>>> print(open('target.txt').read())   # compact mmCIF, C-alpha atoms (C1' of nucleotides)
# COMPACT_ATOMS: atom_id res chain seq x y z
CA MET S 1128 -7.09 -51.52 15.73
CA ALA S 1129 -3.39 -52.33 15.56
CA MET S 1130 -1.21 -52.49 18.66
CA VAL S 1131 0.13 -49.22 19.89
CA PRO S 1132 3.92 -49.45 19.58
CA ARG S 1133 5.90 -48.75 22.74
CA HIS S 1134 8.48 -46.14 22.05
CA PRO S 1135 11.11 -44.91 24.51
CA GLU S 1136 9.68 -41.41 24.69
CA SER S 1137 6.44 -42.82 26.09
CA MET S 1138 8.34 -43.12 29.35
CA MET S 1139 9.34 -39.47 29.16
CA LEU S 1140 5.77 -38.22 29.16
CA ASP S 1141 4.52 -36.52 32.27
CA PRO S 1142 2.93 -39.28 34.37
CA GLU S 1143 0.09 -37.08 35.61
CA PRO S 1144 -2.08 -35.29 33.07
CA TRP S 1145 -1.38 -31.60 32.61
CA THR S 1146 -4.50 -29.85 33.84
CA ILE S 1147 -5.45 -26.29 34.71
CA PRO S 1148 -8.10 -25.79 37.40
CA ARG S 1149 -10.58 -22.97 36.84
CA ASP S 1150 -13.68 -21.36 38.25
CA SER S 1151 -17.12 -22.52 37.18
CA ALA S 1152 -15.86 -25.19 34.79
CA GLU S 1153 -14.10 -28.52 34.76
CA PRO S 1154 -10.31 -28.33 34.80
CA PHE S 1155 -8.79 -27.77 31.35
CA VAL S 1156 -6.83 -30.89 30.41
CA VAL S 1157 -4.09 -29.63 28.13
CA ASP S 1158 -2.95 -33.06 26.99
CA ASP S 1159 -6.50 -33.81 25.85
CA SER S 1160 -6.98 -30.52 24.02
CA MET S 1161 -7.32 -31.37 20.35
CA GLY S 1162 -5.93 -28.05 19.22
CA PHE S 1163 -2.85 -28.51 21.34
CA LEU S 1164 -2.27 -32.02 20.00
CA VAL S 1165 -2.83 -31.00 16.39
CA ASN S 1166 -0.44 -28.07 16.66
CA ARG S 1167 2.26 -30.34 18.04
CA LEU S 1168 1.66 -32.97 15.38
CA ALA S 1169 1.88 -30.38 12.61
CA ARG S 1170 5.17 -29.07 13.97
CA VAL S 1171 6.82 -32.49 14.21
CA PHE S 1172 5.50 -33.31 10.72
CA ALA S 1173 7.00 -30.09 9.38
CA ALA S 1174 10.31 -30.71 11.11
CA ALA S 1175 10.52 -34.23 9.71
CA LEU S 1176 9.70 -33.16 6.15
CA GLN S 1177 12.01 -30.16 6.35
CA ALA S 1178 14.90 -32.41 7.39
CA ARG S 1179 14.34 -34.71 4.42
CA LEU S 1180 13.78 -31.95 1.88
CA ALA S 1181 16.90 -30.10 2.99
CA SER S 1182 19.11 -32.69 1.30
CA LEU S 1183 17.34 -31.81 -1.97
CA GLY S 1184 17.84 -28.10 -1.39
CA LEU S 1185 14.08 -27.70 -0.94
CA SER S 1186 12.32 -25.83 1.83
CA ILE S 1187 9.03 -26.98 3.26
CA GLY S 1188 7.17 -23.88 2.12
CA ALA S 1189 7.87 -24.64 -1.51
CA PHE S 1190 6.57 -28.19 -1.24
CA PRO S 1191 2.80 -27.58 -1.40
CA VAL S 1192 3.30 -25.13 -4.27
CA LEU S 1193 5.29 -27.75 -6.13
CA LEU S 1194 2.50 -30.25 -5.52
CA ALA S 1195 0.14 -27.86 -7.28
CA LEU S 1196 2.53 -27.33 -10.18
CA TRP S 1197 3.49 -30.97 -10.61
CA THR S 1198 -0.22 -31.63 -10.99
CA ARG S 1199 -0.67 -28.86 -13.55
CA ASP S 1200 2.04 -26.49 -14.67
CA GLY S 1201 1.47 -22.90 -15.82
CA ARG S 1202 -1.30 -21.93 -13.39
CA SER S 1203 -1.81 -18.39 -12.18
CA GLN S 1204 -0.98 -17.42 -8.63
CA ARG S 1205 -4.63 -17.06 -7.77
CA GLU S 1206 -5.36 -20.58 -9.02
CA ILE S 1207 -2.52 -22.07 -7.03
CA ALA S 1208 -3.58 -20.24 -3.88
CA GLU S 1209 -7.15 -21.48 -4.24
CA ALA S 1210 -6.15 -25.06 -4.99
CA LEU S 1211 -3.97 -25.53 -1.92
CA PRO S 1212 -5.69 -23.54 -0.26
CA MET S 1213 -3.27 -20.90 0.96
CA ASP S 1214 -3.24 -17.17 1.49
CA GLU S 1215 -2.21 -15.30 -1.64
CA THR S 1216 0.21 -13.13 0.28
CA THR S 1217 2.05 -16.16 1.61
CA LEU S 1218 2.15 -17.57 -1.90
CA VAL S 1219 3.67 -14.40 -3.36
CA ARG S 1220 6.60 -14.51 -0.92
CA THR S 1221 7.03 -18.25 -1.36
CA LEU S 1222 7.15 -17.82 -5.15
CA ASP S 1223 9.76 -15.08 -4.70
CA ARG S 1224 11.99 -17.57 -2.90
CA MET S 1225 11.21 -20.35 -5.35
CA GLN S 1226 12.10 -18.09 -8.26
CA ARG S 1227 15.32 -17.06 -6.51
CA ASP S 1228 16.14 -20.75 -5.99
CA GLY S 1229 15.51 -21.61 -9.63
CA LEU S 1230 12.42 -23.76 -9.09
CA VAL S 1231 9.93 -21.66 -11.07
CA VAL S 1232 9.70 -18.72 -13.45
CA ARG S 1233 6.94 -16.11 -13.60
CA GLU S 1234 5.44 -15.15 -16.95
CA ARG S 1235 2.79 -12.53 -17.63
CA ASP S 1236 -0.31 -13.95 -19.22
CA THR S 1237 -0.38 -12.33 -22.67
CA GLY S 1238 -4.16 -12.75 -22.85
CA ASP S 1239 -4.82 -11.10 -19.47
CA ARG S 1240 -1.90 -8.98 -18.43
CA ARG S 1241 -3.01 -8.91 -14.80
CA ARG S 1242 -2.31 -12.60 -14.41
CA VAL S 1243 1.09 -14.12 -13.76
CA LEU S 1244 1.53 -17.71 -14.86
CA ILE S 1245 3.93 -19.87 -12.88
CA HIS S 1246 6.04 -22.39 -14.76
CA LEU S 1247 8.34 -25.04 -13.36
CA THR S 1248 11.96 -24.96 -14.42
CA ASP S 1249 13.72 -28.17 -15.43
CA HIS S 1250 15.14 -28.19 -11.93
CA GLY S 1251 11.68 -27.91 -10.41
CA ARG S 1252 10.44 -30.75 -12.55
CA ALA S 1253 13.44 -32.94 -11.75
CA LEU S 1254 12.80 -32.72 -8.02
CA ARG S 1255 9.35 -34.25 -8.30
CA ASP S 1256 10.17 -37.91 -7.68
CA PRO S 1257 12.78 -37.47 -4.92
CA ALA S 1258 10.61 -34.91 -3.12
CA LEU S 1259 7.54 -37.12 -3.29
CA ALA S 1260 9.66 -39.99 -1.99
CA ALA S 1261 10.63 -37.80 0.96
CA ALA S 1262 6.96 -37.09 1.65
CA ASP S 1263 6.18 -40.81 1.42
CA ALA S 1264 8.91 -41.49 3.94
CA VAL S 1265 7.64 -38.92 6.42
CA ASN S 1266 4.06 -40.15 6.09
CA ALA S 1267 5.30 -43.70 6.65
CA GLN S 1268 7.17 -42.55 9.78
CA ALA S 1269 4.03 -40.93 11.14
CA LEU S 1270 1.95 -43.99 10.33
CA SER S 1271 4.41 -46.55 11.65
CA GLY S 1272 2.43 -49.20 13.48
CA PHE S 1273 -0.77 -48.19 11.71
CA ASP S 1274 -2.69 -50.82 9.80
CA ALA S 1275 -4.76 -49.78 6.79
CA ALA S 1276 -7.88 -49.32 8.92
CA ASP S 1277 -6.05 -47.04 11.36
CA ALA S 1278 -4.74 -44.87 8.55
CA THR S 1279 -8.15 -44.62 6.93
CA ALA S 1280 -9.75 -43.79 10.26
CA ALA S 1281 -7.16 -41.11 10.96
CA ARG S 1282 -7.74 -39.46 7.58
CA ALA S 1283 -11.50 -39.54 8.08
CA LEU S 1284 -11.33 -38.05 11.58
CA ILE S 1285 -8.98 -35.29 10.45
CA GLY S 1286 -11.18 -34.54 7.46
CA ARG S 1287 -14.19 -34.22 9.73
CA MET S 1288 -12.33 -31.84 12.05
CA ILE S 1289 -11.31 -29.66 9.10
CA ALA S 1290 -14.89 -29.64 7.86
CA GLY S 1291 -16.23 -28.69 11.29
CA LEU S 1292 -13.85 -25.79 11.67
CA VAL S 1293 -14.24 -24.49 8.12
CA PHE S 1294 -18.01 -24.88 8.13
CA GLN S 1295 -18.57 -22.96 11.34
CA ALA S 1296 -16.15 -20.25 10.25
CA ASP S 1297 -18.23 -19.82 7.09
CA THR S 1298 -21.51 -19.59 8.92
CA ALA S 1299 -20.06 -17.20 11.48
CA SER S 1300 -18.72 -14.84 8.83
CA SER S 1301 -21.87 -14.93 6.69
CA ARG S 1302 -24.16 -14.06 9.59
CA MET U 1293 -18.47 -44.49 14.83
CA ALA U 1294 -20.85 -41.55 14.60
CA MET U 1295 -22.35 -40.42 11.33
CA VAL U 1296 -20.22 -38.14 9.24
CA PRO U 1297 -22.06 -34.81 9.09
CA ARG U 1298 -22.72 -33.42 5.65
CA HIS U 1299 -21.48 -29.90 5.44
CA PRO U 1300 -21.86 -27.56 2.48
CA GLU U 1301 -18.15 -27.46 1.72
CA SER U 1302 -18.14 -31.20 1.12
CA MET U 1303 -19.70 -30.31 -2.18
CA MET U 1304 -16.91 -27.88 -2.92
CA LEU U 1305 -14.21 -30.55 -2.74
CA ASP U 1306 -12.62 -31.61 -6.00
CA PRO U 1307 -14.67 -34.56 -7.19
CA GLU U 1308 -11.65 -36.46 -8.50
CA PRO U 1309 -8.74 -37.09 -6.10
CA TRP U 1310 -5.77 -34.79 -6.54
CA THR U 1311 -2.98 -37.10 -7.68
CA ILE U 1312 0.47 -36.66 -9.17
CA PRO U 1313 1.72 -39.37 -11.53
CA ARG U 1314 5.40 -40.27 -11.25
CA ASP U 1315 8.04 -42.65 -12.56
CA SER U 1316 8.70 -45.93 -10.79
CA ALA U 1317 6.09 -45.43 -8.08
CA GLU U 1318 2.36 -45.24 -7.59
CA PRO U 1319 0.83 -41.82 -8.15
CA PHE U 1320 1.11 -39.52 -5.15
CA VAL U 1321 -2.39 -38.86 -3.83
CA VAL U 1322 -2.20 -35.42 -2.27
CA ASP U 1323 -5.59 -35.60 -0.57
CA ASP U 1324 -4.50 -38.80 1.18
CA SER U 1325 -1.13 -37.47 2.30
CA MET U 1326 -1.25 -37.35 6.08
CA GLY U 1327 1.22 -34.49 6.26
CA PHE U 1328 -0.86 -32.40 3.89
CA LEU U 1329 -4.04 -33.06 5.88
CA VAL U 1330 -2.40 -32.37 9.21
CA ASN U 1331 -0.93 -29.09 8.01
CA ARG U 1332 -4.32 -27.95 6.79
CA LEU U 1333 -6.01 -29.00 10.02
CA ALA U 1334 -3.44 -27.13 12.09
CA ARG U 1335 -3.95 -23.97 10.06
CA VAL U 1336 -7.73 -23.99 10.35
CA PHE U 1337 -7.40 -24.74 14.07
CA ALA U 1338 -5.05 -21.78 14.47
CA ALA U 1339 -7.31 -19.48 12.48
CA ALA U 1340 -10.34 -20.46 14.58
CA LEU U 1341 -8.54 -19.97 17.87
CA GLN U 1342 -6.97 -16.73 16.74
CA ALA U 1343 -10.39 -15.34 15.82
CA ARG U 1344 -11.77 -16.14 19.27
CA LEU U 1345 -8.74 -14.95 21.21
CA ALA U 1346 -8.65 -11.67 19.33
CA SER U 1347 -11.70 -10.41 21.20
CA LEU U 1348 -9.71 -10.92 24.42
CA GLY U 1349 -6.72 -9.07 23.00
CA LEU U 1350 -4.75 -12.31 22.99
CA SER U 1351 -2.67 -13.70 20.14
CA ILE U 1352 -2.39 -17.38 19.44
CA GLY U 1353 1.33 -17.49 20.14
CA ALA U 1354 0.83 -16.40 23.71
CA PHE U 1355 -1.76 -19.08 24.39
CA PRO U 1356 0.48 -22.12 24.94
CA VAL U 1357 2.80 -20.04 27.11
CA LEU U 1358 -0.16 -18.97 29.19
CA LEU U 1359 -1.20 -22.62 29.53
CA ALA U 1360 2.20 -23.33 31.04
CA LEU U 1361 1.99 -20.37 33.41
CA TRP U 1362 -1.61 -20.94 34.47
CA THR U 1363 -0.48 -24.42 35.49
CA ARG U 1364 2.51 -23.12 37.44
CA ASP U 1365 3.53 -19.49 37.64
CA GLY U 1366 7.09 -18.27 38.07
CA ARG U 1367 8.84 -20.83 35.90
CA SER U 1368 12.06 -20.10 34.05
CA GLN U 1369 12.10 -19.72 30.28
CA ARG U 1370 13.91 -23.00 29.89
CA GLU U 1371 11.29 -24.82 31.94
CA ILE U 1372 8.44 -23.35 29.93
CA ALA U 1373 10.13 -24.21 26.65
CA GLU U 1374 10.68 -27.81 27.74
CA ALA U 1375 7.16 -28.24 29.09
CA LEU U 1376 5.38 -27.16 25.93
CA PRO U 1377 7.72 -28.21 24.13
CA MET U 1378 8.77 -25.22 22.06
CA ASP U 1379 11.98 -23.78 20.73
CA GLU U 1380 13.60 -21.41 23.23
CA THR U 1381 14.17 -18.79 20.57
CA THR U 1382 10.51 -18.72 19.67
CA LEU U 1383 9.67 -18.45 23.37
CA VAL U 1384 11.97 -15.46 23.89
CA ARG U 1385 10.27 -13.45 21.15
CA THR U 1386 6.82 -14.53 22.32
CA LEU U 1387 7.65 -13.43 25.87
CA ASP U 1388 8.86 -10.09 24.50
CA ARG U 1389 5.42 -9.52 22.98
CA MET U 1390 3.62 -10.85 26.06
CA GLN U 1391 5.60 -8.49 28.27
CA ARG U 1392 4.88 -5.61 25.91
CA ASP U 1393 1.17 -6.50 26.09
CA GLY U 1394 1.18 -6.65 29.87
CA LEU U 1395 0.57 -10.38 30.24
CA VAL U 1396 3.80 -11.29 32.05
CA VAL U 1397 6.81 -9.76 33.75
CA ARG U 1398 10.37 -11.09 33.71
CA GLU U 1399 12.33 -11.28 36.97
CA ARG U 1400 15.92 -12.39 37.42
CA ASP U 1401 16.23 -15.38 39.72
CA THR U 1402 18.16 -13.99 42.72
CA GLY U 1403 19.52 -17.46 43.52
CA ASP U 1404 20.81 -18.10 39.98
CA ARG U 1405 21.23 -14.88 38.10
CA ARG U 1406 21.33 -16.64 34.74
CA ARG U 1407 17.69 -17.62 35.05
CA VAL U 1408 14.75 -15.39 34.24
CA LEU U 1409 11.54 -16.24 36.02
CA ILE U 1410 8.30 -15.46 34.24
CA HIS U 1411 5.39 -14.23 36.32
CA LEU U 1412 1.83 -13.61 35.21
CA THR U 1413 0.43 -10.14 35.71
CA ASP U 1414 -3.06 -9.69 37.14
CA HIS U 1415 -4.18 -9.21 33.56
CA GLY U 1416 -2.57 -12.49 32.49
CA ARG U 1417 -4.27 -14.29 35.35
CA ALA U 1418 -7.63 -12.71 34.64
CA LEU U 1419 -7.64 -14.01 31.07
CA ARG U 1420 -7.43 -17.63 32.17
CA ASP U 1421 -11.10 -18.55 32.22
CA PRO U 1422 -12.24 -16.66 29.11
CA ALA U 1423 -9.25 -17.90 27.12
CA LEU U 1424 -9.81 -21.50 28.17
CA ALA U 1425 -13.48 -21.09 27.25
CA ALA U 1426 -12.35 -19.97 23.78
CA ALA U 1427 -10.18 -23.07 23.45
CA ASP U 1428 -13.08 -25.24 24.59
CA ALA U 1429 -15.27 -23.65 21.93
CA VAL U 1430 -12.75 -24.25 19.15
CA ASN U 1431 -12.20 -27.84 20.22
CA ALA U 1432 -15.95 -28.34 20.27
CA GLN U 1433 -16.19 -26.88 16.75
CA ALA U 1434 -13.53 -29.28 15.52
CA LEU U 1435 -15.19 -32.21 17.25
CA SER U 1436 -18.75 -31.37 16.19
CA GLY U 1437 -20.45 -34.61 15.24
CA PHE U 1438 -17.89 -36.67 17.17
CA ASP U 1439 -19.09 -39.03 19.85
CA ALA U 1440 -16.85 -39.77 22.82
CA ALA U 1441 -15.33 -42.79 21.09
CA ASP U 1442 -14.46 -40.77 17.98
CA ALA U 1443 -12.75 -38.10 20.06
CA THR U 1444 -10.78 -40.67 22.03
CA ALA U 1445 -9.78 -42.46 18.85
CA ALA U 1446 -8.66 -39.20 17.25
CA ARG U 1447 -6.49 -38.30 20.24
CA ALA U 1448 -4.94 -41.77 20.27
CA LEU U 1449 -4.17 -41.76 16.55
CA ILE U 1450 -2.65 -38.30 16.72
CA GLY U 1451 -0.59 -39.29 19.73
CA ARG U 1452 0.76 -42.30 17.88
CA MET U 1453 1.71 -40.17 14.87
CA ILE U 1454 3.56 -37.74 17.12
CA ALA U 1455 5.35 -40.62 18.79
CA GLY U 1456 6.33 -42.14 15.47
CA LEU U 1457 7.78 -38.92 14.15
CA VAL U 1458 9.57 -37.97 17.37
CA PHE U 1459 10.94 -41.46 17.92
CA GLN U 1460 12.44 -41.84 14.48
CA ALA U 1461 13.88 -38.34 14.64
CA ASP U 1462 15.63 -39.32 17.86
CA THR U 1463 17.10 -42.54 16.50
CA ALA U 1464 18.20 -40.80 13.32
CA SER U 1465 20.04 -38.07 15.20
CA SER U 1466 21.68 -40.42 17.74
CA ARG U 1467 23.07 -42.74 15.07
C1' DG P 1174 -16.33 6.09 -25.00
C1' DG P 1175 -15.64 6.62 -20.05
C1' DA P 1176 -16.32 6.19 -15.04
C1' DA P 1177 -17.01 2.71 -11.53
C1' DA P 1178 -16.35 -1.87 -10.01
C1' DA P 1179 -14.02 -6.15 -9.97
C1' DT P 1180 -9.88 -8.89 -10.50
C1' DG P 1181 -4.93 -10.36 -9.98
C1' DG P 1182 -0.78 -9.26 -7.79
C1' DA P 1183 2.49 -6.84 -4.94
C1' DT P 1184 3.97 -4.41 -0.75
C1' DG P 1185 4.24 -3.05 4.19
C1' DC P 1186 3.71 -4.78 8.41
C1' DT P 1187 3.33 -8.04 12.32
C1' DA P 1188 3.43 -12.59 14.29
C1' DT P 1189 5.04 -17.35 14.59
C1' DA P 1190 8.96 -20.74 14.15
C1' DG P 1191 13.55 -22.17 14.54
C1' DC P 1192 18.92 -22.44 13.40
C1' DA P 1193 23.51 -20.52 14.48
C1' DA P 1194 26.16 -17.84 17.16
C1' DG P 1195 27.00 -14.77 21.04
C1' DT P 1196 27.03 -13.23 26.18
C1' DA P 1197 26.92 -13.74 31.06
C1' DA P 1198 26.61 -16.48 35.12
C1' DA P 1199 27.45 -20.78 37.47
C1' DC P 1200 29.89 -24.98 37.94
C1' DA P 1201 33.77 -28.56 37.65
C1' DC P 1202 38.17 -29.66 38.55
C1' DG P 1203 43.04 -29.33 38.52
C1' DC Y 874 41.83 -19.92 43.28
C1' DG Y 875 41.62 -19.86 37.96
C1' DT Y 876 40.39 -21.77 33.82
C1' DG Y 877 37.58 -24.52 30.91
C1' DT Y 878 32.81 -26.27 30.48
C1' DT Y 879 28.07 -26.04 30.99
C1' DT Y 880 23.81 -23.60 31.49
C1' DA Y 881 20.34 -19.88 30.59
C1' DC Y 882 19.18 -16.58 27.87
C1' DT Y 883 19.69 -13.25 23.87
C1' DT Y 884 20.48 -11.68 19.19
C1' DG Y 885 20.79 -11.95 14.10
C1' DC Y 886 18.97 -14.05 10.44
C1' DT Y 887 15.70 -16.54 7.40
C1' DA Y 888 11.36 -18.76 6.45
C1' DT Y 889 6.38 -19.35 6.97
C1' DA Y 890 1.68 -17.18 7.58
C1' DG Y 891 -1.66 -13.79 6.93
C1' DC Y 892 -4.09 -8.90 7.41
C1' DA Y 893 -4.60 -4.31 5.33
C1' DT Y 894 -3.68 -1.69 1.60
C1' DC Y 895 -2.17 -0.29 -2.86
C1' DC Y 896 -1.41 -0.59 -8.08
C1' DA Y 897 -2.37 -2.07 -12.75
C1' DT Y 898 -5.46 -4.22 -15.72
C1' DT Y 899 -9.85 -5.77 -17.11
C1' DT Y 900 -14.76 -5.81 -17.00
C1' DT Y 901 -19.35 -3.66 -16.36
C1' DC Y 902 -22.61 -0.66 -17.36
C1' DC Y 903 -24.41 3.68 -18.60
>>> encode(input="target.txt", output="structure tokens")
Amino acid sequence: MAMVPRHPESMMLDPEPWTIPRDSAEPFVVDDSMGFLVNRLARVFAAALQARLASLGLSIGAFPVLLALWTRDGRSQREIAEALPMDETTLVRTLDRMQRDGLVVRERDTGDRRRVLIHLTDHGRALRDPALAAADAVNAQALSGFDAADATAARALIGRMIAGLVFQADTASSR
Amino acid sequence: MAMVPRHPESMMLDPEPWTIPRDSAEPFVVDDSMGFLVNRLARVFAAALQARLASLGLSIGAFPVLLALWTRDGRSQREIAEALPMDETTLVRTLDRMQRDGLVVRERDTGDRRRVLIHLTDHGRALRDPALAAADAVNAQALSGFDAADATAARALIGRMIAGLVFQADTASSR
DNA sequence: GGAAAATGGATGCTATAGCAAGTAAACACG
DNA sequence: CGTGTTTACTTGCTATAGCATCCATTTTCC
């Protein structure tokens, strides 16, 4: 594993671990709680991407939807929501803003008039390469000091955590 | 490293990697994008914790604030926001809901009347052990199939990503 | 054909997250 | 003093996220 880089903010961390004593169980070590760490990582990731996308006039909520459309344009809302995956309600509001901002247009499917097909505008298409470059830059920031093995290991561990949480949610709800 | 468990939803994953071709750069592999993975992990973590906290009448937003207060009660809003860390605006609204729900009370600091000290109610204190048990359960779900080395490695890799993103944000803003 | 069920979206509502600007109290300094 | 700055919190606003419910269209099945 590659060397852990020493950054200034390492010195700003609380020297003693942040723990909560409790009855009938070991103290809860907040700094070791995976959920706590993951939430913080997701927020700093989002802040970093948002800062870079802002110069393109893009918001972070539109980004995953654009990923789906850059892959295949003209999908229905349901298809986009399932591909990401993302709640359909969230997608509806995000598409409202994206339409307002001239990134996409909605078109009724003439074959099945319940469906709404989402199409990129020229503007939405033109943002593909600069937006993906922004994402590359943020990922590179996060992975600074990582060698290829570290990055692969991180992806694998995260994938296993997602699988564990999704799997047990499924079994719980189907019981 | 421990065996990767085979869960049903592994079979539901897109067989071919989700990639976006582009000009003048390698295709963007969405499934390998760390930001994409981390966002998804954070959302499934939040959903799992929210489901468990709901039976206690707790919302997920209150949880980190309670962590701060269970560690030390009677802190000011600023102190809580810095400890987590969390935007002060978000904290104000969260405390509004927590006060409404009877988890905390606000009291002006008599020594410095600008400050508002946050105190747990009996109810807020009583939820400590069951809420921490819920967090333990979610973390255990996420880490199912992980041996101790995997879990330690995951925490270290996540910590390094946070450090990389925070560090470069600092240097960018102080330039 | 026609009623019931399923499907695809939209809407109302609440919660979480954070930026910009405002208010009130405390502090710094002449 | 008093006035300008800083600090602590609040408010207004927008965006992101998702649950419950509703509406229009299509499909199923008799």
>>> interface_residues(input="target.txt", of="chain P", to="chain U", cutoff="8 Å", atoms="all atoms listed in the file", output="list in words")
DA1188, DT1189, DA1190, DG1191, DA1197, DA1198 and DA1199 of chain P
>>> closest_residue(input="target.txt", among="S:Val1157, S:Ala1275, S:Leu1254, S:Ala1189", to="chain Y", atoms="all atoms listed in the file")
S:Ala1189
>>> residues_around(input="target.txt", residues="DG1181 (chain P)", least_positions_apart="6", cutoff="9 Å", atoms="all atoms listed in the file", output="number ranges by chain")
S: 1203-1205, 1241-1243; Y: 898
>>> residues_around(input="target.txt", residues="DT876 (chain Y)", least_positions_apart="4", cutoff="12 Å", atoms="all atoms listed in the file", output="PDB file with C-alpha atoms (C1' of nucleotides), keeping the file's coordinate frame")
ATOM      1  C1'  DC P1200      29.890 -24.980  37.940  1.00  0.00           C
ATOM      2  C1'  DA P1201      33.770 -28.560  37.650  1.00  0.00           C
ATOM      3  C1'  DC P1202      38.170 -29.660  38.550  1.00  0.00           C
ATOM      4  C1'  DG P1203      43.040 -29.330  38.520  1.00  0.00           C
TER       5       DG P1203
END
>>> residues_near_point(input="target.txt", point="(-12.9, -13.2, 30.5)", cutoff="12 Å", atoms="all atoms listed in the file", output="number ranges by chain")
S: 1149-1150; U: 1344-1345, 1347-1350, 1415-1426
>>> closest_residue(input="target.txt", among="U:Ala1343, U:Leu1395, U:Leu1358, U:Ala1434", to="chain S", atoms="all atoms listed in the file")
U:Ala1434
>>> closest_residue(input="target.txt", among="Y:DC902, Y:DA881, Y:DA897, Y:DC886", to="chain U", atoms="only C-alpha atoms (C1' of nucleotides)")
Y:DA881
>>> residues_around(input="target.txt", residues="DG1185 (chain P)", least_positions_apart="5", cutoff="10 Å", atoms="only C-alpha atoms (C1' of nucleotides)", output="PyMOL selection string")
chain Y and resi 893-895
>>> interface_residues(input="target.txt", of="chain Y", to="chain U", cutoff="9 Å", atoms="all atoms listed in the file", output="PyMOL selection string")
chain Y and resi 880-883
>>> closest_residue(input="target.txt", among="S:Glu1206, S:Glu1153, S:Asp1228, S:Asp1249", to="chain U", atoms="all atoms listed in the file")
S:Glu1153
>>> atom_distance(input="target.txt", atom1="CA of Phe1337 (chain U)", atom2="CA of Phe1273 (chain S)")
24.5 Å
>>> closest_residue(input="target.txt", among="S:Met1161, S:Ala1208, S:Val1156, S:Ala1181", to="chain U", atoms="all atoms listed in the file")
S:Met1161
>>> atom_distance(input="target.txt", atom1="CA of Leu1376 (chain U)", atom2="CA of Phe1459 (chain U)")
17.3 Å
